[in-house]
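**Student:** Take a look at entry05.cif, mmCIF, N, CA, C and O atoms:
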data_model
#
loop_
_atom_site.group_PDB
_atom_site.id
_atom_site.type_symbol
_atom_site.label_atom_id
_atom_site.label_comp_id
_atom_site.auth_asym_id
_atom_site.auth_seq_id
_atom_site.Cartn_x
_atom_site.Cartn_y
_atom_site.Cartn_z
ATOM 1 N N MET P 563 -89.388 -86.827 131.862
ATOM 2 C CA MET P 563 -90.305 -87.183 130.797
ATOM 3 C C MET P 563 -91.462 -86.189 130.799
ATOM 4 O O MET P 563 -92.082 -85.940 131.818
ATOM 5 N N SER P 564 -91.737 -85.602 129.658
ATOM 6 C CA SER P 564 -92.817 -84.620 129.586
ATOM 7 C C SER P 564 -94.151 -85.327 129.379
ATOM 8 O O SER P 564 -94.237 -86.362 128.732
ATOM 9 N N ARG P 565 -95.163 -84.727 129.936
ATOM 10 C CA ARG P 565 -96.496 -85.292 129.838
ATOM 11 C C ARG P 565 -97.207 -84.686 128.630
ATOM 12 O O ARG P 565 -97.147 -83.487 128.403
ATOM 13 N N LYS P 566 -97.881 -85.520 127.861
ATOM 14 C CA LYS P 566 -98.637 -85.033 126.716
ATOM 15 C C LYS P 566 -99.867 -84.287 127.211
ATOM 16 O O LYS P 566 -100.465 -84.657 128.217
ATOM 17 N N SER P 567 -100.235 -83.256 126.484
ATOM 18 C CA SER P 567 -101.462 -82.557 126.847
ATOM 19 C C SER P 567 -102.660 -83.432 126.473
ATOM 20 O O SER P 567 -102.590 -84.234 125.540
ATOM 21 N N GLN P 568 -103.719 -83.254 127.223
ATOM 22 C CA GLN P 568 -104.903 -84.067 126.984
ATOM 23 C C GLN P 568 -105.531 -83.676 125.655
ATOM 24 O O GLN P 568 -105.722 -82.504 125.360
ATOM 25 N N ARG P 569 -105.822 -84.686 124.854
ATOM 26 C CA ARG P 569 -106.436 -84.449 123.557
ATOM 27 C C ARG P 569 -107.868 -84.965 123.584
ATOM 28 O O ARG P 569 -108.208 -85.859 124.342
ATOM 29 N N HIS P 570 -108.685 -84.391 122.749
ATOM 30 C CA HIS P 570 -110.077 -84.819 122.644
ATOM 31 C C HIS P 570 -110.317 -85.343 121.234
ATOM 32 O O HIS P 570 -109.839 -84.762 120.263
ATOM 33 N N PHE P 571 -111.038 -86.433 121.154
ATOM 34 C CA PHE P 571 -111.293 -87.082 119.878
ATOM 35 C C PHE P 571 -112.796 -87.168 119.637
ATOM 36 O O PHE P 571 -113.564 -87.448 120.556
ATOM 37 N N ALA P 572 -113.193 -86.969 118.408
ATOM 38 C CA ALA P 572 -114.600 -87.092 118.033
ATOM 39 C C ALA P 572 -115.016 -88.565 118.115
ATOM 40 O O ALA P 572 -114.211 -89.468 117.880
ATOM 41 N N ASP P 573 -116.285 -88.769 118.420
ATOM 42 C CA ASP P 573 -116.798 -90.136 118.494
ATOM 43 C C ASP P 573 -116.635 -90.863 117.171
ATOM 44 O O ASP P 573 -116.408 -92.076 117.147
ATOM 45 N N GLU P 574 -116.723 -90.142 116.063
ATOM 46 C CA GLU P 574 -116.561 -90.759 114.746
ATOM 47 C C GLU P 574 -115.142 -91.316 114.583
ATOM 48 O O GLU P 574 -114.955 -92.394 114.022
ATOM 49 N N PHE P 575 -114.153 -90.582 115.080
ATOM 50 C CA PHE P 575 -112.769 -91.057 115.014
ATOM 51 C C PHE P 575 -112.595 -92.302 115.882
ATOM 52 O O PHE P 575 -111.984 -93.286 115.466
ATOM 53 N N LYS P 576 -113.153 -92.272 117.077
ATOM 54 C CA LYS P 576 -113.067 -93.431 117.973
ATOM 55 C C LYS P 576 -113.684 -94.660 117.318
ATOM 56 O O LYS P 576 -113.123 -95.764 117.387
ATOM 57 N N GLN P 577 -114.826 -94.463 116.661
ATOM 58 C CA GLN P 577 -115.483 -95.585 115.994
ATOM 59 C C GLN P 577 -114.635 -96.107 114.847
ATOM 60 O O GLN P 577 -114.570 -97.318 114.616
ATOM 61 N N GLN P 578 -113.953 -95.228 114.125
ATOM 62 C CA GLN P 578 -113.063 -95.667 113.048
ATOM 63 C C GLN P 578 -111.934 -96.534 113.598
ATOM 64 O O GLN P 578 -111.568 -97.538 112.982
ATOM 65 N N ILE P 579 -111.401 -96.156 114.748
ATOM 66 C CA ILE P 579 -110.336 -96.935 115.382
ATOM 67 C C ILE P 579 -110.854 -98.323 115.751
ATOM 68 O O ILE P 579 -110.208 -99.347 115.480
ATOM 69 N N VAL P 580 -112.027 -98.374 116.358
ATOM 70 C CA VAL P 580 -112.638 -99.656 116.733
ATOM 71 C C VAL P 580 -112.884 -100.504 115.485
ATOM 72 O O VAL P 580 -112.590 -101.703 115.465
ATOM 73 N N ASP P 581 -113.399 -99.881 114.437
ATOM 74 C CA ASP P 581 -113.684 -100.607 113.199
ATOM 75 C C ASP P 581 -112.411 -101.180 112.571
ATOM 76 O O ASP P 581 -112.427 -102.300 112.050
ATOM 77 N N LEU P 582 -111.335 -100.405 112.606
ATOM 78 C CA LEU P 582 -110.056 -100.900 112.078
ATOM 79 C C LEU P 582 -109.623 -102.165 112.812
ATOM 80 O O LEU P 582 -109.202 -103.149 112.200
ATOM 81 N N HIS P 583 -109.726 -102.132 114.124
ATOM 82 C CA HIS P 583 -109.318 -103.292 114.918
ATOM 83 C C HIS P 583 -110.237 -104.484 114.666
ATOM 84 O O HIS P 583 -109.776 -105.618 114.518
ATOM 85 N N ASN P 584 -111.527 -104.218 114.592
ATOM 86 C CA ASN P 584 -112.488 -105.298 114.333
ATOM 87 C C ASN P 584 -112.299 -105.908 112.946
ATOM 88 O O ASN P 584 -112.650 -107.066 112.726
ATOM 89 N N ALA P 585 -111.739 -105.122 112.033
ATOM 90 C CA ALA P 585 -111.479 -105.622 110.681
ATOM 91 C C ALA P 585 -110.171 -106.404 110.593
ATOM 92 O O ALA P 585 -109.818 -106.918 109.540
ATOM 93 N N GLY P 586 -109.444 -106.473 111.726
ATOM 94 C CA GLY P 586 -108.245 -107.306 111.750
ATOM 95 C C GLY P 586 -106.926 -106.566 111.847
ATOM 96 O O GLY P 586 -105.871 -107.205 111.895
ATOM 97 N N LYS P 587 -106.948 -105.245 111.863
ATOM 98 C CA LYS P 587 -105.689 -104.496 111.974
ATOM 99 C C LYS P 587 -105.133 -104.660 113.381
ATOM 100 O O LYS P 587 -105.866 -104.642 114.363
ATOM 101 N N LYS P 588 -103.826 -104.810 113.481
ATOM 102 C CA LYS P 588 -103.175 -105.051 114.767
ATOM 103 C C LYS P 588 -103.286 -103.838 115.692
ATOM 104 O O LYS P 588 -103.155 -102.696 115.254
ATOM 105 N N ARG P 589 -103.513 -104.146 116.964
ATOM 106 C CA ARG P 589 -103.606 -103.117 118.005
ATOM 107 C C ARG P 589 -102.388 -102.211 118.003
ATOM 108 O O ARG P 589 -102.501 -100.988 118.028
ATOM 109 N N SER P 590 -101.209 -102.801 117.951
ATOM 110 C CA SER P 590 -99.973 -102.022 118.012
ATOM 111 C C SER P 590 -99.840 -101.066 116.828
ATOM 112 O O SER P 590 -99.358 -99.941 116.975
ATOM 113 N N GLU P 591 -100.271 -101.499 115.647
ATOM 114 C CA GLU P 591 -100.207 -100.641 114.464
ATOM 115 C C GLU P 591 -101.164 -99.454 114.594
ATOM 116 O O GLU P 591 -100.807 -98.321 114.254
ATOM 117 N N ILE P 592 -102.364 -99.725 115.057
ATOM 118 C CA ILE P 592 -103.357 -98.660 115.217
ATOM 119 C C ILE P 592 -102.859 -97.622 116.216
ATOM 120 O O ILE P 592 -102.938 -96.418 115.966
ATOM 121 N N ILE P 593 -102.324 -98.093 117.320
ATOM 122 C CA ILE P 593 -101.817 -97.195 118.359
ATOM 123 C C ILE P 593 -100.677 -96.341 117.816
ATOM 124 O O ILE P 593 -100.670 -95.116 117.993
ATOM 125 N N ARG P 594 -99.745 -96.961 117.149
ATOM 126 C CA ARG P 594 -98.583 -96.240 116.623
ATOM 127 C C ARG P 594 -98.987 -95.245 115.531
ATOM 128 O O ARG P 594 -98.590 -94.083 115.549
ATOM 129 N N GLU P 595 -99.767 -95.696 114.573
ATOM 130 C CA GLU P 595 -100.134 -94.852 113.437
ATOM 131 C C GLU P 595 -100.999 -93.657 113.822
ATOM 132 O O GLU P 595 -101.006 -92.643 113.135
ATOM 133 N N ASN P 596 -101.735 -93.783 114.926
ATOM 134 C CA ASN P 596 -102.637 -92.710 115.339
ATOM 135 C C ASN P 596 -102.165 -91.983 116.595
ATOM 136 O O ASN P 596 -102.908 -91.167 117.147
ATOM 137 N N ASP P 597 -100.940 -92.307 117.025
ATOM 138 C CA ASP P 597 -100.339 -91.661 118.199
ATOM 139 C C ASP P 597 -101.258 -91.714 119.416
ATOM 140 O O ASP P 597 -101.536 -90.709 120.060
ATOM 141 N N LEU P 598 -101.755 -92.920 119.686
ATOM 142 C CA LEU P 598 -102.641 -93.142 120.828
ATOM 143 C C LEU P 598 -101.869 -93.820 121.953
ATOM 144 O O LEU P 598 -100.849 -94.467 121.711
ATOM 145 N N THR P 599 -102.380 -93.704 123.157
ATOM 146 C CA THR P 599 -101.830 -94.490 124.255
ATOM 147 C C THR P 599 -102.563 -95.828 124.281
ATOM 148 O O THR P 599 -103.739 -95.900 123.887
ATOM 149 N N PRO P 600 -101.904 -96.877 124.725
ATOM 150 C CA PRO P 600 -102.592 -98.169 124.822
ATOM 151 C C PRO P 600 -103.838 -98.102 125.710
ATOM 152 O O PRO P 600 -104.854 -98.731 125.390
ATOM 153 N N SER P 601 -103.775 -97.333 126.775
ATOM 154 C CA SER P 601 -104.939 -97.253 127.672
ATOM 155 C C SER P 601 -106.125 -96.575 126.988
ATOM 156 O O SER P 601 -107.279 -96.962 127.198
ATOM 157 N N THR P 602 -105.853 -95.577 126.155
ATOM 158 C CA THR P 602 -106.933 -94.915 125.420
ATOM 159 C C THR P 602 -107.572 -95.893 124.433
ATOM 160 O O THR P 602 -108.800 -96.006 124.367
ATOM 161 N N PHE P 603 -106.735 -96.599 123.702
ATOM 162 C CA PHE P 603 -107.246 -97.596 122.754
ATOM 163 C C PHE P 603 -108.099 -98.637 123.479
ATOM 164 O O PHE P 603 -109.217 -98.949 123.046
ATOM 165 N N ASP P 604 -107.583 -99.167 124.577
ATOM 166 C CA ASP P 604 -108.305 -100.194 125.333
ATOM 167 C C ASP P 604 -109.633 -99.671 125.862
ATOM 168 O O ASP P 604 -110.644 -100.382 125.864
ATOM 169 N N LYS P 605 -109.638 -98.435 126.309
ATOM 170 C CA LYS P 605 -110.869 -97.830 126.828
ATOM 171 C C LYS P 605 -111.920 -97.742 125.729
ATOM 172 O O LYS P 605 -113.084 -98.101 125.934
ATOM 173 N N TRP P 606 -111.530 -97.302 124.535
ATOM 174 C CA TRP P 606 -112.481 -97.195 123.432
ATOM 175 C C TRP P 606 -113.021 -98.558 123.030
ATOM 176 O O TRP P 606 -114.213 -98.707 122.755
ATOM 177 N N MET P 607 -112.157 -99.553 123.014
ATOM 178 C CA MET P 607 -112.606 -100.901 122.669
ATOM 179 C C MET P 607 -113.604 -101.413 123.709
ATOM 180 O O MET P 607 -114.634 -101.995 123.353
ATOM 181 N N ARG P 608 -113.292 -101.210 124.976
ATOM 182 C CA ARG P 608 -114.182 -101.651 126.054
ATOM 183 C C ARG P 608 -115.531 -100.933 125.973
ATOM 184 O O ARG P 608 -116.586 -101.559 126.090
ATOM 185 N N GLN P 609 -115.497 -99.623 125.763
ATOM 186 C CA GLN P 609 -116.744 -98.866 125.675
ATOM 187 C C GLN P 609 -117.590 -99.333 124.489
ATOM 188 O O GLN P 609 -118.810 -99.458 124.606
ATOM 189 N N SER P 610 -116.941 -99.597 123.389
ATOM 190 C CA SER P 610 -117.662 -100.053 122.208
ATOM 191 C C SER P 610 -118.328 -101.408 122.455
ATOM 192 O O SER P 610 -119.469 -101.628 122.056
ATOM 193 N N ARG P 611 -117.603 -102.295 123.124
ATOM 194 C CA ARG P 611 -118.137 -103.636 123.416
ATOM 195 C C ARG P 611 -119.277 -103.585 124.423
ATOM 196 O O ARG P 611 -120.272 -104.287 124.271
ATOM 197 N N THR P 612 -119.139 -102.786 125.470
ATOM 198 C CA THR P 612 -120.108 -102.848 126.571
ATOM 199 C C THR P 612 -121.373 -102.057 126.305
ATOM 200 O O THR P 612 -122.465 -102.551 126.572
ATOM 201 N N THR P 613 -121.252 -100.836 125.786
ATOM 202 C CA THR P 613 -122.441 -100.003 125.602
ATOM 203 C C THR P 613 -122.614 -99.507 124.177
ATOM 204 O O THR P 613 -123.684 -99.012 123.838
ATOM 205 N N GLY P 614 -121.571 -99.571 123.383
ATOM 206 C CA GLY P 614 -121.648 -99.023 122.041
ATOM 207 C C GLY P 614 -121.560 -97.511 122.004
ATOM 208 O O GLY P 614 -121.725 -96.896 120.974
ATOM 209 N N SER P 615 -121.281 -96.917 123.159
ATOM 210 C CA SER P 615 -121.200 -95.462 123.267
ATOM 211 C C SER P 615 -119.843 -95.070 123.829
ATOM 212 O O SER P 615 -119.274 -95.776 124.660
ATOM 213 N N PHE P 616 -119.350 -93.921 123.398
ATOM 214 C CA PHE P 616 -118.085 -93.415 123.914
ATOM 215 C C PHE P 616 -118.296 -92.321 124.956
ATOM 216 O O PHE P 616 -117.340 -91.773 125.478
ATOM 217 N N ARG P 617 -119.540 -92.008 125.256
ATOM 218 C CA ARG P 617 -119.839 -90.988 126.268
ATOM 219 C C ARG P 617 -119.586 -91.555 127.660
ATOM 220 O O ARG P 617 -120.015 -92.662 127.972
ATOM 221 N N THR P 618 -118.905 -90.792 128.478
ATOM 222 C CA THR P 618 -118.578 -91.231 129.830
ATOM 223 C C THR P 618 -119.828 -91.599 130.611
ATOM 224 O O THR P 618 -119.880 -92.626 131.292
ATOM 225 N N VAL P 619 -120.837 -90.776 130.518
ATOM 226 C CA VAL P 619 -122.052 -91.008 131.292
ATOM 227 C C VAL P 619 -122.722 -92.331 130.924
ATOM 228 O O VAL P 619 -123.359 -92.963 131.759
ATOM 229 N N ASP P 620 -122.556 -92.780 129.704
ATOM 230 C CA ASP P 620 -123.145 -94.052 129.282
ATOM 231 C C ASP P 620 -122.335 -95.254 129.752
ATOM 232 O O ASP P 620 -122.807 -96.387 129.669
ATOM 233 N N ASN P 621 -121.132 -95.021 130.234
ATOM 234 C CA ASN P 621 -120.245 -96.111 130.615
ATOM 235 C C ASN P 621 -119.945 -96.164 132.107
ATOM 236 O O ASN P 621 -118.959 -96.747 132.524
ATOM 237 N N LEU P 622 -120.813 -95.555 132.906
ATOM 238 C CA LEU P 622 -120.638 -95.598 134.351
ATOM 239 C C LEU P 622 -121.113 -96.937 134.898
ATOM 240 O O LEU P 622 -122.054 -97.540 134.374
ATOM 241 N N THR P 623 -120.480 -97.378 135.979
ATOM 242 C CA THR P 623 -120.961 -98.575 136.662
ATOM 243 C C THR P 623 -122.216 -98.208 137.445
ATOM 244 O O THR P 623 -122.507 -97.029 137.677
ATOM 245 N N GLU P 624 -122.941 -99.207 137.877
ATOM 246 C CA GLU P 624 -124.150 -98.961 138.673
ATOM 247 C C GLU P 624 -123.807 -98.203 139.946
ATOM 248 O O GLU P 624 -124.526 -97.288 140.352
ATOM 249 N N GLU P 625 -122.695 -98.537 140.560
ATOM 250 C CA GLU P 625 -122.250 -97.850 141.773
ATOM 251 C C GLU P 625 -121.964 -96.368 141.494
ATOM 252 O O GLU P 625 -122.334 -95.497 142.275
ATOM 253 N N GLN P 626 -121.331 -96.085 140.374
ATOM 254 C CA GLN P 626 -121.042 -94.700 140.014
ATOM 255 C C GLN P 626 -122.324 -93.924 139.741
ATOM 256 O O GLN P 626 -122.460 -92.767 140.143
ATOM 257 N N ARG P 627 -123.283 -94.559 139.094
ATOM 258 C CA ARG P 627 -124.568 -93.899 138.838
ATOM 259 C C ARG P 627 -125.279 -93.559 140.140
ATOM 260 O O ARG P 627 -125.820 -92.464 140.296
ATOM 261 N N GLU P 628 -125.298 -94.506 141.068
ATOM 262 C CA GLU P 628 -125.943 -94.277 142.359
ATOM 263 C C GLU P 628 -125.263 -93.159 143.127
ATOM 264 O O GLU P 628 -125.924 -92.329 143.744
ATOM 265 N N HIS P 629 -123.946 -93.132 143.085
ATOM 266 C CA HIS P 629 -123.196 -92.077 143.769
ATOM 267 C C HIS P 629 -123.548 -90.704 143.181
ATOM 268 O O HIS P 629 -123.784 -89.752 143.926
ATOM 269 N N LEU P 630 -123.581 -90.595 141.875
ATOM 270 C CA LEU P 630 -123.947 -89.330 141.238
ATOM 271 C C LEU P 630 -125.364 -88.908 141.604
ATOM 272 O O LEU P 630 -125.628 -87.732 141.852
ATOM 273 N N LEU P 631 -126.259 -89.866 141.654
ATOM 274 C CA LEU P 631 -127.638 -89.579 142.013
ATOM 275 C C LEU P 631 -127.731 -89.069 143.452
ATOM 276 O O LEU P 631 -128.404 -88.080 143.725
ATOM 277 N N ARG P 632 -127.006 -89.724 144.364
ATOM 278 C CA ARG P 632 -127.002 -89.273 145.770
ATOM 279 C C ARG P 632 -126.424 -87.862 145.880
ATOM 280 O O ARG P 632 -126.959 -87.023 146.612
ATOM 281 N N CYS P 633 -125.358 -87.595 145.170
ATOM 282 C CA CYS P 633 -124.725 -86.277 145.221
ATOM 283 C C CYS P 633 -125.654 -85.204 144.665
ATOM 284 O O CYS P 633 -125.756 -84.114 145.243
ATOM 285 N N SER P 634 -126.317 -85.504 143.576
ATOM 286 C CA SER P 634 -127.210 -84.491 142.973
ATOM 287 C C SER P 634 -128.400 -84.230 143.878
ATOM 288 O O SER P 634 -128.867 -83.102 143.986
ATOM 289 N N ARG P 635 -128.876 -85.255 144.562
ATOM 290 C CA ARG P 635 -129.999 -85.071 145.494
ATOM 291 C C ARG P 635 -129.594 -84.248 146.702
ATOM 292 O O ARG P 635 -130.378 -83.446 147.205
ATOM 293 N N SER P 636 -128.379 -84.447 147.167
ATOM 294 C CA SER P 636 -127.918 -83.712 148.359
ATOM 295 C C SER P 636 -127.690 -82.240 148.061
ATOM 296 O O SER P 636 -127.665 -81.418 148.976
ATOM 297 N N MET P 637 -127.530 -81.888 146.797
ATOM 298 C CA MET P 637 -127.313 -80.490 146.429
ATOM 299 C C MET P 637 -128.617 -79.706 146.322
ATOM 300 O O MET P 637 -128.602 -78.488 146.249
ATOM 301 N N LEU P 638 -129.732 -80.413 146.323
ATOM 302 C CA LEU P 638 -131.051 -79.734 146.198
ATOM 303 C C LEU P 638 -131.472 -79.102 147.483
ATOM 304 O O LEU P 638 -131.185 -79.273 148.524
#
In structure tokens, what does this structure look like?

**Tutor:**
Amino acid sequence: MSRKSQRHFADEFKQQIVDLHNAGKKRSEIIRENDLTPSTFDKWMRQSRTTGSFRTVDNLTEEQREHLLRCSRSML
């Protein structure tokens, strides 16, 4: 089985996907029609619900933030 190359999506596209689902369109249809993986779709939905942002840095756990802070301090 070949692995798909990693694709990058604009935040506007991600928001359109979330909006489609919130408007009642089925998850399976959105995934199929937009050639998304279920995990990608789920991640965007979770990010939209929790922070409203699709940026990775905005969706870190407190533990991840602390770890990054410790690492950046140790590099000084």

**Student:** Just say which residues the PyMOL selection byres (((chain P and resi 574-581 and name CA) around 10) and name CA) picks in this file, as a short mmCIF file (atom, residue, chain, number, x, y, z; two decimals) with N, CA, C and O atoms, in the frame of the given file.

**Tutor:**
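To be explicit, this is the file written out as result18.cif:
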data_model
loop_
_atom_site.label_atom_id
_atom_site.label_comp_id
_atom_site.auth_asym_id
_atom_site.auth_seq_id
_atom_site.Cartn_x
_atom_site.Cartn_y
_atom_site.Cartn_z
N PHE P 571 -111.04 -86.43 121.15
CA PHE P 571 -111.29 -87.08 119.88
C PHE P 571 -112.80 -87.17 119.64
O PHE P 571 -113.56 -87.45 120.56
N ALA P 572 -113.19 -86.97 118.41
CA ALA P 572 -114.60 -87.09 118.03
C ALA P 572 -115.02 -88.56 118.12
O ALA P 572 -114.21 -89.47 117.88
N ASP P 573 -116.28 -88.77 118.42
CA ASP P 573 -116.80 -90.14 118.49
C ASP P 573 -116.64 -90.86 117.17
O ASP P 573 -116.41 -92.08 117.15
N LEU P 582 -111.34 -100.40 112.61
CA LEU P 582 -110.06 -100.90 112.08
C LEU P 582 -109.62 -102.16 112.81
O LEU P 582 -109.20 -103.15 112.20
N HIS P 583 -109.73 -102.13 114.12
CA HIS P 583 -109.32 -103.29 114.92
C HIS P 583 -110.24 -104.48 114.67
O HIS P 583 -109.78 -105.62 114.52
N ASN P 584 -111.53 -104.22 114.59
CA ASN P 584 -112.49 -105.30 114.33
C ASN P 584 -112.30 -105.91 112.95
O ASN P 584 -112.65 -107.07 112.73
N ALA P 585 -111.74 -105.12 112.03
CA ALA P 585 -111.48 -105.62 110.68
C ALA P 585 -110.17 -106.40 110.59
O ALA P 585 -109.82 -106.92 109.54
N GLY P 586 -109.44 -106.47 111.73
CA GLY P 586 -108.24 -107.31 111.75
C GLY P 586 -106.93 -106.57 111.85
O GLY P 586 -105.87 -107.20 111.90
N LYS P 587 -106.95 -105.24 111.86
CA LYS P 587 -105.69 -104.50 111.97
C LYS P 587 -105.13 -104.66 113.38
O LYS P 587 -105.87 -104.64 114.36
N ARG P 589 -103.51 -104.15 116.96
CA ARG P 589 -103.61 -103.12 118.00
C ARG P 589 -102.39 -102.21 118.00
O ARG P 589 -102.50 -100.99 118.03
N ILE P 592 -102.36 -99.72 115.06
CA ILE P 592 -103.36 -98.66 115.22
C ILE P 592 -102.86 -97.62 116.22
O ILE P 592 -102.94 -96.42 115.97
N ILE P 593 -102.32 -98.09 117.32
CA ILE P 593 -101.82 -97.20 118.36
C ILE P 593 -100.68 -96.34 117.82
O ILE P 593 -100.67 -95.12 117.99
N ASN P 596 -101.74 -93.78 114.93
CA ASN P 596 -102.64 -92.71 115.34
C ASN P 596 -102.16 -91.98 116.60
O ASN P 596 -102.91 -91.17 117.15
N THR P 602 -105.85 -95.58 126.16
CA THR P 602 -106.93 -94.92 125.42
C THR P 602 -107.57 -95.89 124.43
O THR P 602 -108.80 -96.01 124.37
N PHE P 603 -106.74 -96.60 123.70
CA PHE P 603 -107.25 -97.60 122.75
C PHE P 603 -108.10 -98.64 123.48
O PHE P 603 -109.22 -98.95 123.05
N ASP P 604 -107.58 -99.17 124.58
CA ASP P 604 -108.30 -100.19 125.33
C ASP P 604 -109.63 -99.67 125.86
O ASP P 604 -110.64 -100.38 125.86
N TRP P 606 -111.53 -97.30 124.54
CA TRP P 606 -112.48 -97.20 123.43
C TRP P 606 -113.02 -98.56 123.03
O TRP P 606 -114.21 -98.71 122.76
N MET P 607 -112.16 -99.55 123.01
CA MET P 607 -112.61 -100.90 122.67
C MET P 607 -113.60 -101.41 123.71
O MET P 607 -114.63 -102.00 123.35
N ARG P 608 -113.29 -101.21 124.98
CA ARG P 608 -114.18 -101.65 126.05
C ARG P 608 -115.53 -100.93 125.97
O ARG P 608 -116.59 -101.56 126.09
N GLN P 609 -115.50 -99.62 125.76
CA GLN P 609 -116.74 -98.87 125.68
C GLN P 609 -117.59 -99.33 124.49
O GLN P 609 -118.81 -99.46 124.61
N SER P 610 -116.94 -99.60 123.39
CA SER P 610 -117.66 -100.05 122.21
C SER P 610 -118.33 -101.41 122.46
O SER P 610 -119.47 -101.63 122.06
N ARG P 611 -117.60 -102.30 123.12
CA ARG P 611 -118.14 -103.64 123.42
C ARG P 611 -119.28 -103.58 124.42
O ARG P 611 -120.27 -104.29 124.27
N GLY P 614 -121.57 -99.57 123.38
CA GLY P 614 -121.65 -99.02 122.04
C GLY P 614 -121.56 -97.51 122.00
O GLY P 614 -121.72 -96.90 120.97
N SER P 615 -121.28 -96.92 123.16
CA SER P 615 -121.20 -95.46 123.27
C SER P 615 -119.84 -95.07 123.83
O SER P 615 -119.27 -95.78 124.66
N PHE P 616 -119.35 -93.92 123.40
CA PHE P 616 -118.08 -93.42 123.91
C PHE P 616 -118.30 -92.32 124.96
O PHE P 616 -117.34 -91.77 125.48
#

**Student:** What does the structure give for the distance between atom N of Leu598 of chain P and atom N of Arg617 of chain P, in Å to one decimal?

**Tutor:**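 Interatomic distance, atom N of Leu598 of chain P to atom N of Arg617 of chain P: 18.7 Å.
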
**Student:** Could you pull out the alpha helix (DSSP H) residues of chain P, going by DSSP on the backbone, and write them as a VMD selection string?

**Tutor:** chain P and resid 573 to 584 589 to 595 600 to 612 624 to 636

**Student:** May I ask for the distance between atom CA of Thr613 of chain P and atom CA of Arg627 of chain P, given in Å to one decimal place?

**Tutor:**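 Spanning atom CA of Thr613 of chain P to atom CA of Arg627 of chain P is a straight-line distance of 14.7 Å.
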
**Student:** Enter the distance from atom CA of Ser567 of chain P to atom CA of Pro600 of chain P, in Å, rounded to one decimal.

**Tutor:**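 Straight-line distance from atom CA of Ser567 of chain P to atom CA of Pro600 of chain P works out to 15.8 Å.
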